[in-house]
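Peer 1: This structure is in structure tokens; I'll ask about it shortly.
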Amino acid sequence: MHVLHHANEEPLYGQWMIEELKRHGYQIGPGTMYPLLHGLERKGYLRSKRDRSGSRYRKVYRITSSGRKA
């Protein structure tokens with residue numbers, strides 16, 4: 001739910017979400033976060049898009065209407 005809450009506020013990417021959850025006392029690594037994001041996308045709660053950040057690409061997740069309802 002915490003991930004959907006933040007995705008509802010603004011688009012997010014995995015590493016940012018890991019750092020945000022850390023601020024709230026959660027210790028979640030990439031091996032947990034990325035499968036979680038992929039699962040939320042498979043269920044239709046998030047949609048991803050590759051955005052360019054400098055010379056790198058990062059997958060940015062946005063909430064869907066189903067994600068808002070959840």
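Letters for chains follow the order of the structure tokens (A, B, ...), residue numbers begin at 1 for each chain, and ligand numbers begin at 1 in the order shown.
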Run DSSP on the backbone and grab whatever in chain A lands in helix (DSSP H, G or I); send it over as an MDAnalysis selection string.

Peer 2: chainID A and resid 2:9 14:23 30:42 65:69

Peer 1: What's around Met33 of chain A at 12 Å? Count only C-alpha atoms, leave out sequence neighbours fewer than 6 positions away in its own chain, and write the answer as a PyMOL selection string.

Peer 2: chain A and resi 2-3+13-22+26-27+39-40

Peer 1: Which residues are near His6 of chain A? Cut-off 9 Å, only C-alpha atoms, ignore same chain within fewer than 5 positions. Put them as a list in words.

Peer 2: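 That gives Met1, Pro11, Leu12, Met17 and Ile63 of chain A.
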
Peer 1: I need the residues from that last selection saved to file as an mmCIF file, in the first residue's frame (with N, CA and C atoms), if you can.

Peer 2:
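This is the output file part_35.cif:
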```
data_model
loop_
_atom_site.group_PDB
_atom_site.id
_atom_site.type_symbol
_atom_site.label_atom_id
_atom_site.label_comp_id
_atom_site.auth_asym_id
_atom_site.auth_seq_id
_atom_site.Cartn_x
_atom_site.Cartn_y
_atom_site.Cartn_z
ATOM 1 N N MET A 1 0.817 -1.189 0.000
ATOM 2 C CA MET A 1 0.000 0.000 0.000
ATOM 3 C C MET A 1 0.864 1.258 0.000
ATOM 4 N N PRO A 11 4.988 10.021 -10.101
ATOM 5 C CA PRO A 11 5.677 8.847 -10.661
ATOM 6 C C PRO A 11 6.920 8.532 -9.829
ATOM 7 N N LEU A 12 7.257 7.255 -9.743
ATOM 8 C CA LEU A 12 8.401 6.853 -8.931
ATOM 9 C C LEU A 12 9.233 5.817 -9.650
ATOM 10 N N MET A 17 12.076 4.554 -4.294
ATOM 11 C CA MET A 17 11.134 3.921 -3.373
ATOM 12 C C MET A 17 11.866 3.183 -2.262
ATOM 13 N N ILE A 63 0.779 5.243 -11.238
ATOM 14 C CA ILE A 63 -0.392 4.504 -10.771
ATOM 15 C C ILE A 63 -1.471 4.475 -11.857
#
```

Peer 1: In Å to one decimal, how far is atom CA of Glu9 of chain A from atom CA of Arg62 of chain A?

Peer 2: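 Atom-to-atom, atom CA of Arg62 of chain A and atom CA of Glu9 of chain A are spaced 9.3 Å apart.
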
Peer 1: So how many Å separate atom CA of Lys69 of chain A and atom CA of Tyr45 of chain A, to one decimal?

Peer 2: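 Going from atom CA of Lys69 of chain A over to atom CA of Tyr45 of chain A, I get 8.8 Å.
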
Peer 1: Just asking: which residues within chain A are strand (DSSP E or B) according to DSSP, as a ChimeraX atom specification?

Peer 2: /A:12,46-53,56-63

Peer 1: Could you save those same residues with N, CA and C atoms as a JSON list (two decimals), in the first residue's frame?

Peer 2:
```json
[["chain", "number", "residue", "atom", "x", "y", "z"],
["A", 12, "LEU", "N", 7.26, 7.26, -9.74],
["A", 12, "LEU", "CA", 8.40, 6.85, -8.93],
["A", 12, "LEU", "C", 9.23, 5.82, -9.65],
["A", 46, "LEU", "N", 0.04, -0.56, -11.46],
["A", 46, "LEU", "CA", 1.05, 0.38, -11.92],
["A", 46, "LEU", "C", 1.29, 0.19, -13.40],
["A", 47, "ARG", "N", 1.78, 1.23, -14.05],
["A", 47, "ARG", "CA", 2.20, 1.17, -15.45],
["A", 47, "ARG", "C", 3.60, 1.75, -15.50],
["A", 48, "SER", "N", 4.49, 1.15, -16.27],
["A", 48, "SER", "CA", 5.86, 1.64, -16.32],
["A", 48, "SER", "C", 6.19, 2.21, -17.69],
["A", 49, "LYS", "N", 7.20, 3.06, -17.67],
["A", 49, "LYS", "CA", 7.70, 3.68, -18.89],
["A", 49, "LYS", "C", 9.18, 3.92, -18.68],
["A", 50, "ARG", "N", 9.97, 3.70, -19.71],
["A", 50, "ARG", "CA", 11.41, 3.99, -19.62],
["A", 50, "ARG", "C", 11.63, 5.47, -19.85],
["A", 51, "ASP", "N", 12.22, 6.14, -18.87],
["A", 51, "ASP", "CA", 12.56, 7.55, -19.00],
["A", 51, "ASP", "C", 14.06, 7.70, -19.00],
["A", 52, "ARG", "N", 14.52, 8.67, -19.74],
["A", 52, "ARG", "CA", 15.96, 8.93, -19.81],
["A", 52, "ARG", "C", 16.35, 9.90, -18.71],
["A", 53, "SER", "N", 17.41, 9.56, -17.98],
["A", 53, "SER", "CA", 17.97, 10.41, -16.94],
["A", 53, "SER", "C", 19.44, 10.58, -17.25],
["A", 56, "ARG", "N", 21.51, 7.59, -18.81],
["A", 56, "ARG", "CA", 20.91, 6.33, -18.37],
["A", 56, "ARG", "C", 19.41, 6.34, -18.58],
["A", 57, "TYR", "N", 18.87, 5.14, -18.64],
["A", 57, "TYR", "CA", 17.42, 4.98, -18.69],
["A", 57, "TYR", "C", 16.98, 4.39, -17.36],
["A", 58, "ARG", "N", 15.82, 4.81, -16.91],
["A", 58, "ARG", "CA", 15.26, 4.21, -15.69],
["A", 58, "ARG", "C", 13.78, 3.96, -15.93],
["A", 59, "LYS", "N", 13.28, 2.93, -15.29],
["A", 59, "LYS", "CA", 11.88, 2.57, -15.42],
["A", 59, "LYS", "C", 11.10, 3.36, -14.38],
["A", 60, "VAL", "N", 10.17, 4.17, -14.85],
["A", 60, "VAL", "CA", 9.36, 5.01, -13.97],
["A", 60, "VAL", "C", 7.96, 4.42, -13.92],
["A", 61, "TYR", "N", 7.42, 4.31, -12.71],
["A", 61, "TYR", "CA", 6.11, 3.71, -12.50],
["A", 61, "TYR", "C", 5.09, 4.78, -12.17],
["A", 62, "ARG", "N", 3.91, 4.65, -12.78],
["A", 62, "ARG", "CA", 2.79, 5.54, -12.52],
["A", 62, "ARG", "C", 1.60, 4.70, -12.10],
["A", 63, "ILE", "N", 0.78, 5.24, -11.24],
["A", 63, "ILE", "CA", -0.39, 4.50, -10.77],
["A", 63, "ILE", "C", -1.47, 4.47, -11.86]]
```
